[in-house]
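**Student:** Coordinates in upload.cif, mmCIF, C-alpha atoms, are listed below.
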data_query
#
loop_
_atom_site.group_PDB
_atom_site.id
_atom_site.type_symbol
_atom_site.label_atom_id
_atom_site.label_comp_id
_atom_site.auth_asym_id
_atom_site.auth_seq_id
_atom_site.Cartn_x
_atom_site.Cartn_y
_atom_site.Cartn_z
ATOM 1 C CA MET A 1 48.414 -9.636 -31.253
ATOM 2 C CA THR A 2 50.388 -9.562 -28.024
ATOM 3 C CA ASN A 3 53.200 -7.053 -27.637
ATOM 4 C CA GLU A 4 55.005 -8.869 -24.817
ATOM 5 C CA ALA A 5 58.588 -9.646 -25.755
ATOM 6 C CA ARG A 6 61.552 -10.751 -23.642
ATOM 7 C CA TRP A 7 64.052 -11.370 -26.447
ATOM 8 C CA PHE A 8 65.049 -9.134 -29.347
ATOM 9 C CA ALA A 9 66.733 -10.097 -32.582
ATOM 10 C CA GLY A 10 68.108 -7.968 -35.408
ATOM 11 C CA ILE A 11 68.591 -9.354 -38.911
ATOM 12 C CA ASP A 12 70.930 -7.608 -41.327
ATOM 13 C CA TRP A 13 69.635 -9.260 -44.478
ATOM 14 C CA ALA A 14 71.455 -9.780 -47.782
ATOM 15 C CA SER A 15 70.932 -11.730 -50.981
ATOM 16 C CA GLN A 16 73.263 -14.556 -49.915
ATOM 17 C CA THR A 17 73.776 -14.448 -46.131
ATOM 18 C CA HIS A 18 71.796 -12.948 -43.234
ATOM 19 C CA GLN A 19 73.611 -11.770 -40.098
ATOM 20 C CA VAL A 20 71.584 -12.196 -36.889
ATOM 21 C CA CYS A 21 72.129 -10.769 -33.407
ATOM 22 C CA LEU A 22 70.032 -11.860 -30.400
ATOM 23 C CA ILE A 23 69.878 -9.860 -27.137
ATOM 24 C CA ASP A 24 67.862 -10.113 -23.935
ATOM 25 C CA VAL A 25 65.616 -7.500 -22.339
ATOM 26 C CA GLY A 26 68.644 -5.919 -20.652
ATOM 27 C CA GLY A 27 70.562 -5.515 -23.912
ATOM 28 C CA LYS A 28 73.057 -8.355 -23.316
ATOM 29 C CA ILE A 29 74.134 -10.198 -26.441
ATOM 30 C CA ILE A 30 72.938 -13.816 -26.252
ATOM 31 C CA GLY A 31 74.218 -14.937 -29.619
ATOM 32 C CA GLU A 32 75.379 -13.886 -33.078
ATOM 33 C CA ARG A 33 75.339 -15.978 -36.205
ATOM 34 C CA ALA A 34 75.096 -15.840 -40.009
ATOM 35 C CA PHE A 35 72.566 -17.898 -41.957
ATOM 36 C CA ALA A 36 72.470 -18.723 -45.638
ATOM 37 C CA HIS A 37 69.551 -17.424 -47.676
ATOM 38 C CA GLY A 38 67.196 -20.200 -48.703
ATOM 39 C CA GLY A 39 64.604 -22.531 -47.278
ATOM 40 C CA ALA A 40 67.019 -24.556 -45.160
ATOM 41 C CA GLY A 41 68.823 -21.461 -43.888
ATOM 42 C CA LEU A 42 65.620 -19.688 -42.853
ATOM 43 C CA THR A 43 64.346 -22.793 -41.081
ATOM 44 C CA GLU A 44 67.660 -23.044 -39.241
ATOM 45 C CA LEU A 45 67.443 -19.359 -38.289
ATOM 46 C CA CYS A 46 64.025 -19.808 -36.682
ATOM 47 C CA ALA A 47 65.136 -22.950 -34.867
ATOM 48 C CA TRP A 48 68.266 -21.168 -33.585
ATOM 49 C CA LEU A 49 66.227 -18.306 -32.116
ATOM 50 C CA LEU A 50 63.976 -20.751 -30.272
ATOM 51 C CA ALA A 51 66.896 -22.876 -29.039
ATOM 52 C CA ARG A 52 68.934 -19.914 -27.760
ATOM 53 C CA THR A 53 66.023 -18.369 -25.848
ATOM 54 C CA GLY A 54 64.034 -21.428 -24.839
ATOM 55 C CA ALA A 55 60.975 -19.227 -25.297
ATOM 56 C CA ALA A 56 57.856 -19.372 -27.400
ATOM 57 C CA PRO A 57 58.005 -17.523 -30.761
ATOM 58 C CA ALA A 58 55.512 -14.920 -29.529
ATOM 59 C CA ALA A 59 58.022 -13.819 -26.851
ATOM 60 C CA ILE A 60 60.716 -13.047 -29.445
ATOM 61 C CA ALA A 61 60.631 -9.787 -31.405
ATOM 62 C CA VAL A 62 62.631 -9.462 -34.626
ATOM 63 C CA ALA A 63 63.669 -6.264 -36.446
ATOM 64 C CA ILE A 64 64.539 -6.184 -40.145
ATOM 65 C CA GLU A 65 64.819 -3.482 -42.820
ATOM 66 C CA VAL A 66 62.517 -5.136 -45.375
ATOM 67 C CA PRO A 67 58.726 -5.270 -44.773
ATOM 68 C CA HIS A 68 58.164 -8.329 -46.967
ATOM 69 C CA GLY A 69 59.929 -11.228 -48.606
ATOM 70 C CA PRO A 70 60.858 -14.828 -47.751
ATOM 71 C CA ILE A 71 62.567 -13.943 -44.439
ATOM 72 C CA VAL A 72 59.588 -11.962 -43.156
ATOM 73 C CA GLU A 73 57.124 -14.614 -44.293
ATOM 74 C CA ALA A 74 59.106 -17.408 -42.622
ATOM 75 C CA LEU A 75 59.321 -15.509 -39.323
ATOM 76 C CA LEU A 76 55.615 -14.654 -39.324
ATOM 77 C CA GLU A 77 54.651 -18.246 -40.156
ATOM 78 C CA HIS A 78 56.623 -19.428 -37.105
ATOM 79 C CA GLY A 79 54.805 -16.941 -34.863
ATOM 80 C CA PHE A 80 57.577 -14.407 -34.133
ATOM 81 C CA GLN A 81 56.842 -10.720 -33.671
ATOM 82 C CA VAL A 82 58.321 -8.987 -36.715
ATOM 83 C CA TYR A 83 58.989 -5.261 -37.001
ATOM 84 C CA ALA A 84 60.123 -3.286 -40.049
ATOM 85 C CA ILE A 85 62.622 -0.462 -39.665
ATOM 86 C CA ASN A 86 63.133 2.246 -42.267
ATOM 87 C CA PRO A 87 66.746 2.487 -43.580
ATOM 88 C CA LYS A 88 66.819 6.158 -42.571
ATOM 89 C CA GLN A 89 65.742 5.211 -39.058
ATOM 90 C CA LEU A 90 68.520 2.637 -38.956
ATOM 91 C CA ASP A 91 71.046 5.325 -39.912
ATOM 92 C CA ARG A 92 69.961 7.434 -36.930
ATOM 93 C CA PHE A 93 70.010 4.482 -34.527
ATOM 94 C CA ARG A 94 73.459 3.476 -35.834
ATOM 95 C CA ASP A 95 74.839 6.835 -34.617
ATOM 96 C CA ARG A 96 74.313 5.596 -31.057
ATOM 97 C CA PHE A 97 77.027 2.991 -31.634
ATOM 98 C CA THR A 98 79.399 4.740 -34.037
ATOM 99 C CA VAL A 99 79.687 8.043 -35.887
ATOM 100 C CA ALA A 100 82.005 6.659 -38.562
ATOM 101 C CA GLY A 101 79.085 5.443 -40.687
ATOM 102 C CA ALA A 102 81.042 2.446 -42.032
ATOM 103 C CA LYS A 103 78.988 -0.602 -43.022
ATOM 104 C CA ASP A 104 79.403 -3.589 -40.668
ATOM 105 C CA ASP A 105 76.925 -6.475 -40.825
ATOM 106 C CA ARG A 106 77.409 -7.623 -37.233
ATOM 107 C CA ARG A 107 77.073 -4.105 -35.838
ATOM 108 C CA ASP A 108 73.988 -3.403 -37.951
ATOM 109 C CA ALA A 109 72.348 -6.578 -36.654
ATOM 110 C CA LEU A 110 73.067 -5.406 -33.099
ATOM 111 C CA VAL A 111 71.723 -1.913 -33.883
ATOM 112 C CA LEU A 112 68.524 -3.440 -35.216
ATOM 113 C CA ALA A 113 68.038 -5.616 -32.146
ATOM 114 C CA ASP A 114 68.817 -2.859 -29.634
ATOM 115 C CA SER A 115 66.652 -0.282 -31.440
ATOM 116 C CA LEU A 116 63.765 -2.708 -31.264
ATOM 117 C CA ARG A 117 64.414 -3.193 -27.537
ATOM 118 C CA THR A 118 64.485 0.532 -26.698
ATOM 119 C CA ASP A 119 62.279 2.141 -29.381
ATOM 120 C CA ARG A 120 59.784 -0.495 -30.400
ATOM 121 C CA HIS A 121 57.032 2.136 -30.517
ATOM 122 C CA CYS A 122 58.852 3.816 -33.439
ATOM 123 C CA LEU A 123 58.812 0.691 -35.589
ATOM 124 C CA ARG A 124 55.989 -0.838 -37.606
ATOM 125 C CA ARG A 125 54.814 -4.274 -36.639
ATOM 126 C CA LEU A 126 54.129 -6.578 -39.562
ATOM 127 C CA ALA A 127 51.323 -9.071 -39.947
ATOM 128 C CA ALA A 128 50.920 -12.095 -42.184
ATOM 129 C CA GLU A 129 49.369 -11.104 -45.501
ATOM 130 C CA ASP A 130 46.746 -12.898 -47.499
ATOM 131 C CA ALA A 131 48.214 -15.619 -49.696
ATOM 132 C CA VAL A 132 46.655 -14.038 -52.790
ATOM 133 C CA VAL A 133 48.367 -10.707 -52.055
ATOM 134 C CA ILE A 134 51.728 -12.444 -51.601
ATOM 135 C CA GLU A 135 51.330 -14.349 -54.866
ATOM 136 C CA LEU A 136 50.274 -11.203 -56.738
ATOM 137 C CA ARG A 137 53.304 -9.302 -55.421
ATOM 138 C CA GLU A 138 55.648 -12.091 -56.497
ATOM 139 C CA TRP A 139 54.130 -12.224 -59.990
ATOM 140 C CA SER A 140 54.471 -8.437 -60.201
ATOM 141 C CA ARG A 141 58.126 -8.618 -59.131
ATOM 142 C CA MET A 142 58.812 -11.366 -61.677
ATOM 143 C CA THR A 143 57.174 -9.298 -64.407
ATOM 144 C CA GLU A 144 59.327 -6.280 -63.582
ATOM 145 C CA ASP A 145 62.501 -8.411 -63.519
ATOM 146 C CA LEU A 146 61.644 -9.983 -66.887
ATOM 147 C CA GLN A 147 60.920 -6.584 -68.435
ATOM 148 C CA GLN A 148 64.297 -5.291 -67.265
ATOM 149 C CA GLU A 149 65.993 -8.412 -68.635
ATOM 150 C CA ARG A 150 64.178 -8.014 -71.969
ATOM 151 C CA ASN A 151 65.312 -4.392 -72.236
ATOM 152 C CA ARG A 152 68.870 -5.351 -71.334
ATOM 153 C CA LEU A 153 68.992 -8.069 -73.996
ATOM 154 C CA ALA A 154 67.370 -5.814 -76.604
ATOM 155 C CA ASN A 155 69.950 -3.092 -75.936
ATOM 156 C CA ARG A 156 72.732 -5.648 -76.144
ATOM 157 C CA MET A 157 71.406 -6.955 -79.468
ATOM 158 C CA ARG A 158 71.190 -3.429 -80.889
ATOM 159 C CA GLU A 159 74.735 -2.736 -79.749
ATOM 160 C CA GLN A 160 76.006 -5.854 -81.508
ATOM 161 C CA LEU A 161 74.070 -5.015 -84.668
ATOM 162 C CA TRP A 162 75.493 -1.506 -84.647
ATOM 163 C CA ARG A 163 79.024 -2.862 -84.366
ATOM 164 C CA TYR A 164 78.801 -5.633 -86.950
ATOM 165 C CA TYR A 165 75.829 -4.893 -89.212
ATOM 166 C CA PRO A 166 74.826 -1.216 -88.948
ATOM 167 C CA GLN A 167 72.854 -1.419 -92.196
ATOM 168 C CA ALA A 168 70.153 -3.308 -90.307
ATOM 169 C CA LEU A 169 69.574 -0.269 -88.086
ATOM 170 C CA ALA A 170 70.242 2.602 -90.476
ATOM 171 C CA ARG A 171 66.570 3.046 -91.333
ATOM 172 C CA SER A 172 65.121 2.190 -87.919
ATOM 173 C CA TYR A 173 64.119 5.471 -86.279
ATOM 174 C CA HIS A 174 63.262 3.902 -82.913
ATOM 175 C CA ALA A 175 66.522 1.929 -82.808
ATOM 176 C CA LEU A 176 68.553 5.028 -83.647
ATOM 177 C CA ARG A 177 66.763 7.040 -80.964
ATOM 178 C CA ALA A 178 67.728 4.457 -78.347
ATOM 179 C CA LEU A 179 71.280 3.924 -79.585
ATOM 180 C CA SER A 180 72.030 7.648 -79.733
ATOM 181 C CA GLY A 181 70.554 8.359 -76.295
ATOM 182 C CA VAL A 182 67.895 10.684 -77.735
ATOM 183 C CA ALA A 183 64.995 8.531 -76.542
ATOM 184 C CA PRO A 184 64.363 9.151 -72.826
ATOM 185 C CA VAL A 185 63.806 6.399 -70.277
ATOM 186 C CA THR A 186 60.427 6.278 -68.511
ATOM 187 C CA ARG A 187 60.236 4.670 -65.067
ATOM 188 C CA ARG A 188 56.841 3.997 -63.498
ATOM 189 C CA SER A 189 56.253 2.897 -59.921
ATOM 190 C CA GLY A 190 52.725 3.114 -58.559
ATOM 191 C CA LYS A 191 51.475 6.639 -59.244
ATOM 192 C CA ARG A 192 54.979 7.982 -59.912
ATOM 193 C CA CYS A 193 56.251 8.478 -63.440
ATOM 194 C CA ILE A 194 59.830 9.686 -63.968
ATOM 195 C CA VAL A 195 61.274 10.514 -67.385
ATOM 196 C CA ALA A 196 65.078 10.562 -67.362
ATOM 197 C CA ARG A 197 67.951 10.799 -69.805
ATOM 198 C CA ARG A 198 69.016 7.500 -71.377
ATOM 199 C CA GLN A 199 72.516 6.600 -70.188
ATOM 200 C CA ALA A 200 72.829 3.231 -71.950
ATOM 201 C CA CYS A 201 73.667 4.189 -75.519
ATOM 202 C CA GLN A 202 76.389 4.089 -78.192
ATOM 203 C CA THR A 203 78.739 6.866 -77.094
ATOM 204 C CA ARG A 204 80.178 7.695 -80.512
ATOM 205 C CA LEU A 205 76.739 7.901 -82.068
ATOM 206 C CA ARG A 206 75.518 9.948 -79.108
ATOM 207 C CA ASP A 207 78.335 12.467 -79.558
ATOM 208 C CA ALA A 208 77.787 12.668 -83.312
ATOM 209 C CA VAL A 209 74.051 13.306 -82.931
ATOM 210 C CA TYR A 210 74.699 15.891 -80.197
ATOM 211 C CA HIS A 211 77.020 17.923 -82.423
ATOM 212 C CA TRP A 212 74.667 17.466 -85.366
ATOM 213 C CA ALA A 213 71.895 19.128 -83.354
ATOM 214 C CA ARG A 214 74.272 21.798 -82.006
ATOM 215 C CA VAL A 215 75.260 22.848 -85.525
ATOM 216 C CA ALA A 216 71.673 22.593 -86.781
ATOM 217 C CA ILE A 217 70.378 25.237 -84.356
ATOM 218 C CA GLN A 218 73.029 27.584 -85.746
ATOM 219 C CA HIS A 219 72.179 27.112 -89.433
ATOM 220 C CA ASP A 220 68.659 25.642 -89.706
ATOM 221 C CA GLU A 221 65.726 27.965 -88.942
ATOM 222 C CA LEU A 222 63.310 25.182 -87.924
ATOM 223 C CA SER A 223 65.847 23.648 -85.559
ATOM 224 C CA ARG A 224 66.668 27.063 -84.109
ATOM 225 C CA ARG A 225 62.979 27.842 -83.454
ATOM 226 C CA ARG A 226 62.404 24.400 -81.924
ATOM 227 C CA TYR A 227 65.380 24.853 -79.607
ATOM 228 C CA ALA A 228 64.230 28.337 -78.529
ATOM 229 C CA GLU A 229 60.687 27.079 -77.764
ATOM 230 C CA LEU A 230 62.016 24.277 -75.610
ATOM 231 C CA ARG A 231 64.319 26.592 -73.691
ATOM 232 C CA LYS A 232 61.395 28.934 -72.987
ATOM 233 C CA ARG A 233 59.510 25.958 -71.539
ATOM 234 C CA GLY A 234 62.326 25.433 -69.041
ATOM 235 C CA HIS A 235 64.249 22.631 -70.748
ATOM 236 C CA SER A 236 67.991 22.514 -70.164
ATOM 237 C CA HIS A 237 70.430 23.075 -73.029
ATOM 238 C CA GLY A 238 71.181 19.358 -73.297
ATOM 239 C CA ARG A 239 67.551 18.267 -73.179
ATOM 240 C CA ALA A 240 66.564 20.836 -75.805
ATOM 241 C CA LEU A 241 69.380 19.655 -78.093
ATOM 242 C CA ARG A 242 68.264 16.028 -77.701
ATOM 243 C CA SER A 243 64.743 17.029 -78.772
ATOM 244 C CA VAL A 244 66.180 18.803 -81.825
ATOM 245 C CA ALA A 245 68.263 15.699 -82.562
ATOM 246 C CA ASP A 246 65.128 13.565 -82.278
ATOM 247 C CA ARG A 247 63.513 15.568 -85.102
ATOM 248 C CA LEU A 248 66.676 15.374 -87.217
ATOM 249 C CA LEU A 249 66.784 11.586 -86.847
ATOM 250 C CA ALA A 250 63.149 11.335 -87.945
ATOM 251 C CA VAL A 251 63.914 13.490 -90.997
ATOM 252 C CA ALA A 252 67.001 11.437 -91.861
ATOM 253 C CA CYS A 253 65.088 8.145 -91.642
ATOM 254 C CA ALA A 254 62.294 9.561 -93.823
ATOM 255 C CA MET A 255 64.883 10.693 -96.408
ATOM 256 C CA LEU A 256 66.417 7.207 -96.460
ATOM 257 C CA ALA A 257 63.032 5.541 -96.797
ATOM 258 C CA ARG A 258 61.982 7.832 -99.679
ATOM 259 C CA GLN A 259 65.436 8.001 -101.256
ATOM 260 C CA THR A 260 65.240 11.799 -101.431
ATOM 261 C CA PRO A 261 67.765 14.524 -100.516
ATOM 262 C CA PHE A 262 67.183 16.983 -97.700
ATOM 263 C CA ASP A 263 64.805 19.811 -98.548
ATOM 264 C CA PRO A 264 64.735 22.628 -95.949
ATOM 265 C CA GLU A 265 61.504 23.903 -97.500
ATOM 266 C CA TYR A 266 59.719 20.552 -97.277
ATOM 267 C CA ALA A 267 57.552 21.442 -94.264
ATOM 268 C CA ALA A 268 56.462 24.752 -95.844
ATOM 269 C CA LYS A 269 55.637 23.090 -99.167
ATOM 270 C CA ARG A 270 53.643 20.366 -97.417
ATOM 271 C CA ALA A 271 51.671 22.985 -95.430
ATOM 272 C CA VAL A 272 50.742 24.829 -98.642
ATOM 273 C CA ALA A 273 49.752 21.611 -100.376
#
Turn this file's structure into structure tokens for me.
**Tutor:**
Amino acid sequence: MTNEARWFAGIDWASQTHQVCLIDVGGKIIGERAFAHGGAGLTELCAWLLARTGAAPAAIAVAIEVPHGPIVEALLEHGFQVYAINPKQLDRFRDRFTVAGAKDDRRDALVLADSLRTDRHCLRRLAAEDAVVIELREWSRMTEDLQQERNRLANRMREQLWRYYPQALARSYHALRALSGVAPVTRRSGKRCIVARRQACQTRLRDAVYHWARVAIQHDELSRRRYAELRKRGHSHGRALRSVADRLLAVACAMLARQTPFDPEYAAKRAVA
């Protein structure tokens, strides 16, 4: 791959419209224009770069924040040099033009182009990927989007059931855990696994379960011991209370299923038996 470039373009991409700035080797602005996202818009973008410079694609270097996607693929297919810039790098380069930090699409496109002109060695040049890798990434992205949509719709359905037909959920331990915010949310990305507090929940039920657990650690020995163990392990007050509430919900659902009253000695009797 040749590194010779006489023209530099910056693309401030967005989901609907992409702002482009084209400069020459001396930093003079040759043209600025916005292009719609889509097949026709990306084709027009590539044609505009070639028409404004009168150069071959290999002589035009393009900087963009994203390292993949339809824009990058279209540029690489046309033979342009494409470089990815990290958002944090862009923040530092933006300080050369303004210290206000305000978002401006046209200025960001210029910052991208000029940073590529002066500091190309700091940016990562991209290459066309294998078609199988591109397809696999798109399928993976679609799967993640569909999973998020499924979770959103499931939460919405539970919310509606709770409002209009709570009897359908009264004995569902897993539904109650999610609705009350007791069940944590697990996010996995590559080798990373983050477990966080569930924010999407029924606020009244969440508050009721919170105070239920708070009172339980004051009057129930098992709940008090469970809370103390969790605190010793480094859990925060809120997280420890949610774990206590999780146990209380399980007990309540078991009581409803068996049609039996609460027995504080149940665990001890079961251990003896």
**Student:** Within 12 Å of (73.3, -21.6, -27.6), all atoms listed in the file: residues as a PyMOL selection string?
**Tutor:** chain A and resi 22+29-33+47-54
**Student:** In Å, rounded to a single decimal, give me how far CA of Ile85 (chain A) is from CA of Asp130 (chain A).
**Tutor:**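 Spanning CA of Asp130 (chain A) to CA of Ile85 (chain A) is a straight-line distance of 21.6 Å.
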**Student:** If we count only C-alpha atoms and set the cut-off at 12 Å, which residues sit around Ala55 (chain A), ignoring sequence neighbours fewer than 5 positions away in its own chain? Please answer as a list in words.
**Tutor:**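 The neighbour list is Glu4, Ala5, Arg6, Trp7, Phe8, Asp24, Cys46, Ala47, Trp48, Leu49, Leu50, Ile60, Ala61, Gly79 and Phe80 of chain A.
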**Student:** Give me, as a ChimeraX atom specification, all polymer residues having an atom no more than 7 Å from Val62 (chain A), counting all atoms listed in the file and skipping those fewer than 6 positions away in the same chain.
**Tutor:** /A:8-10,81-83
**Student:** Near region 199-206 of chain A, counting only C-alpha atoms, which residues have an atom at most 7 Å away, once you skip same-chain residues fewer than 4 positions from it, shown as a PyMOL selection string?
**Tutor:** chain A and resi 178-181+210
**Student:** Using all atoms listed in the file, can you tell me which of A:Leu126, A:Ala175, A:Leu241, A:Ala113 comes closest to Gly26 (chain A)?
**Tutor:** A:Ala113
**Student:** Skip region 194-197 of chain A itself and residues of its chain fewer than 5 positions away, then list as a list in words all residues within 8 Å of it, counting all atoms listed in the file.
**Tutor:**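 The filter keeps Gly181, Val182, Ala183, Pro184, Val185, Thr186, Arg187 and Arg188 of chain A.
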**Student:** Taking (62.4, 19.5, -97.2) in the file's coordinates, which residues come within 12 Å, counting all atoms listed in the file, written as a list in words?
**Tutor:**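 The residues that fall inside the cut-off are Asp220, Leu222, Leu248, Val251, Ala252, Ala254, Met255, Arg258, Thr260, Pro261, Phe262, Asp263, Pro264, Glu265, Tyr266, Ala267, Ala268, Lys269, Arg270 and Ala271 of chain A.
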**Student:** Find, counting all atoms listed in the file, the residue in A:Gln89, A:Leu42, A:Gln19, A:Arg94 that gets nearest to Glu77 (chain A).
**Tutor:**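 Of the candidates, the smallest distance to Glu77 (chain A) is held by A:Leu42.
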**Student:** I'd like the residues picked by the PyMOL selection byres ((chain A and resi 65) around 7) written out as a PyMOL selection string, using the chain letters and numbers from the file.
**Tutor:** chain A and resi 64+66-67+84-87
**Student:** What is the distance, in Å and to one decimal place, between CA of Glu73 (chain A) and CA of Ala127 (chain A)?
**Tutor:**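 Result for CA of Glu73 (chain A) versus CA of Ala127 (chain A): 9.1 Å, one decimal.
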**Student:** Quick one: of A:Leu76, A:Leu161, A:Ala63, A:Cys253, who's nearest to Arg120 (chain A), counting only C-alpha atoms?
**Tutor:** A:Ala63
**Student:** Could you work out how far CA of Arg117 (chain A) lies from CA of Arg96 (chain A), giving the answer in Å with one decimal?
**Tutor:**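 Atom-to-atom, CA of Arg96 (chain A) and CA of Arg117 (chain A) are spaced 13.7 Å apart.
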**Student:** Under the rule that all atoms listed in the file are counted, which of A:Ile217, A:Pro57, A:Thr98, A:Leu75 is the nearest residue to Thr43 (chain A)?
**Tutor:**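 Residue with the minimum atom-to-atom distance to Thr43 (chain A): A:Leu75.
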**Student:** Using only C-alpha atoms, which of A:Ser189, A:Asp108, A:Gly39, A:Val25 sits nearest Glu144 (chain A)?
**Tutor:** A:Ser189
**Student:** I need the residue nearest Asp104 (chain A) from this list: A:Asp12, A:Ala128, A:Glu138, A:Thr143. Use all atoms listed in the file for the distance.
**Tutor:**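 Distance minimum relative to Asp104 (chain A) lands on A:Asp12.
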**Student:** Could you pull region 204-227 of chain A out of the structure I just pasted and write it to a file containing N, CA and C atoms, as a PDB file, in the first residue's frame?
**Tutor:**
ATOM      1  N   ARG A 204     -42.381   1.665  42.055  1.00  0.00           N
ATOM      2  CA  ARG A 204     -43.112   1.440  43.301  1.00  0.00           C
ATOM      3  C   ARG A 204     -42.773   0.074  43.889  1.00  0.00           C
ATOM      4  N   LEU A 205     -42.719  -0.926  43.022  1.00  0.00           N
ATOM      5  CA  LEU A 205     -42.362  -2.260  43.501  1.00  0.00           C
ATOM      6  C   LEU A 205     -40.925  -2.274  44.003  1.00  0.00           C
ATOM      7  N   ARG A 206     -40.043  -1.567  43.304  1.00  0.00           N
ATOM      8  CA  ARG A 206     -38.646  -1.498  43.732  1.00  0.00           C
ATOM      9  C   ARG A 206     -38.534  -0.899  45.135  1.00  0.00           C
ATOM     10  N   ASP A 207     -39.256   0.197  45.371  1.00  0.00           N
ATOM     11  CA  ASP A 207     -39.204   0.838  46.685  1.00  0.00           C
ATOM     12  C   ASP A 207     -39.780  -0.063  47.771  1.00  0.00           C
ATOM     13  N   ALA A 208     -40.876  -0.750  47.442  1.00  0.00           N
ATOM     14  CA  ALA A 208     -41.505  -1.634  48.426  1.00  0.00           C
ATOM     15  C   ALA A 208     -40.572  -2.779  48.815  1.00  0.00           C
ATOM     16  N   VAL A 209     -39.924  -3.382  47.818  1.00  0.00           N
ATOM     17  CA  VAL A 209     -39.014  -4.496  48.082  1.00  0.00           C
ATOM     18  C   VAL A 209     -37.789  -4.016  48.854  1.00  0.00           C
ATOM     19  N   TYR A 210     -37.308  -2.816  48.534  1.00  0.00           N
ATOM     20  CA  TYR A 210     -36.159  -2.245  49.249  1.00  0.00           C
ATOM     21  C   TYR A 210     -36.463  -2.108  50.744  1.00  0.00           C
ATOM     22  N   HIS A 211     -37.618  -1.529  51.059  1.00  0.00           N
ATOM     23  CA  HIS A 211     -37.964  -1.329  52.470  1.00  0.00           C
ATOM     24  C   HIS A 211     -38.300  -2.652  53.155  1.00  0.00           C
ATOM     25  N   TRP A 212     -38.834  -3.587  52.390  1.00  0.00           N
ATOM     26  CA  TRP A 212     -39.076  -4.930  52.922  1.00  0.00           C
ATOM     27  C   TRP A 212     -37.758  -5.544  53.404  1.00  0.00           C
ATOM     28  N   ALA A 213     -36.727  -5.455  52.570  1.00  0.00           N
ATOM     29  CA  ALA A 213     -35.426  -6.011  52.935  1.00  0.00           C
ATOM     30  C   ALA A 213     -34.794  -5.228  54.084  1.00  0.00           C
ATOM     31  N   ARG A 214     -34.978  -3.896  54.074  1.00  0.00           N
ATOM     32  CA  ARG A 214     -34.405  -3.058  55.132  1.00  0.00           C
ATOM     33  C   ARG A 214     -34.975  -3.436  56.501  1.00  0.00           C
ATOM     34  N   VAL A 215     -36.287  -3.667  56.552  1.00  0.00           N
ATOM     35  CA  VAL A 215     -36.918  -4.043  57.810  1.00  0.00           C
ATOM     36  C   VAL A 215     -36.556  -5.476  58.187  1.00  0.00           C
ATOM     37  N   ALA A 216     -36.400  -6.337  57.173  1.00  0.00           N
ATOM     38  CA  ALA A 216     -36.099  -7.745  57.445  1.00  0.00           C
ATOM     39  C   ALA A 216     -34.756  -7.908  58.153  1.00  0.00           C
ATOM     40  N   ILE A 217     -33.747  -7.118  57.769  1.00  0.00           N
ATOM     41  CA  ILE A 217     -32.441  -7.282  58.421  1.00  0.00           C
ATOM     42  C   ILE A 217     -32.470  -6.788  59.872  1.00  0.00           C
ATOM     43  N   GLN A 218     -33.531  -6.074  60.224  1.00  0.00           N
ATOM     44  CA  GLN A 218     -33.667  -5.609  61.610  1.00  0.00           C
ATOM     45  C   GLN A 218     -34.389  -6.637  62.493  1.00  0.00           C
ATOM     46  N   HIS A 219     -35.236  -7.479  61.875  1.00  0.00           N
ATOM     47  CA  HIS A 219     -36.087  -8.357  62.673  1.00  0.00           C
ATOM     48  C   HIS A 219     -35.941  -9.836  62.334  1.00  0.00           C
ATOM     49  N   ASP A 220     -35.323 -10.171  61.215  1.00  0.00           N
ATOM     50  CA  ASP A 220     -35.182 -11.578  60.822  1.00  0.00           C
ATOM     51  C   ASP A 220     -33.712 -11.973  60.901  1.00  0.00           C
ATOM     52  N   GLU A 221     -33.413 -13.022  61.707  1.00  0.00           N
ATOM     53  CA  GLU A 221     -32.024 -13.412  61.937  1.00  0.00           C
ATOM     54  C   GLU A 221     -31.330 -13.859  60.658  1.00  0.00           C
ATOM     55  N   LEU A 222     -32.005 -14.656  59.825  1.00  0.00           N
ATOM     56  CA  LEU A 222     -31.391 -15.127  58.579  1.00  0.00           C
ATOM     57  C   LEU A 222     -31.057 -13.958  57.652  1.00  0.00           C
ATOM     58  N   SER A 223     -31.978 -13.029  57.541  1.00  0.00           N
ATOM     59  CA  SER A 223     -31.739 -11.862  56.682  1.00  0.00           C
ATOM     60  C   SER A 223     -30.606 -11.011  57.234  1.00  0.00           C
ATOM     61  N   ARG A 224     -30.548 -10.880  58.556  1.00  0.00           N
ATOM     62  CA  ARG A 224     -29.490 -10.089  59.180  1.00  0.00           C
ATOM     63  C   ARG A 224     -28.130 -10.723  58.926  1.00  0.00           C
ATOM     64  N   ARG A 225     -28.039 -12.061  59.082  1.00  0.00           N
ATOM     65  CA  ARG A 225     -26.761 -12.750  58.846  1.00  0.00           C
ATOM     66  C   ARG A 225     -26.351 -12.648  57.380  1.00  0.00           C
ATOM     67  N   ARG A 226     -27.313 -12.797  56.475  1.00  0.00           N
ATOM     68  CA  ARG A 226     -27.022 -12.708  55.046  1.00  0.00           C
ATOM     69  C   ARG A 226     -26.480 -11.319  54.696  1.00  0.00           C
ATOM     70  N   TYR A 227     -27.114 -10.296  55.240  1.00  0.00           N
ATOM     71  CA  TYR A 227     -26.677  -8.925  54.992  1.00  0.00           C
ATOM     72  C   TYR A 227     -25.258  -8.707  55.522  1.00  0.00           C
TER      73      TYR A 227
END
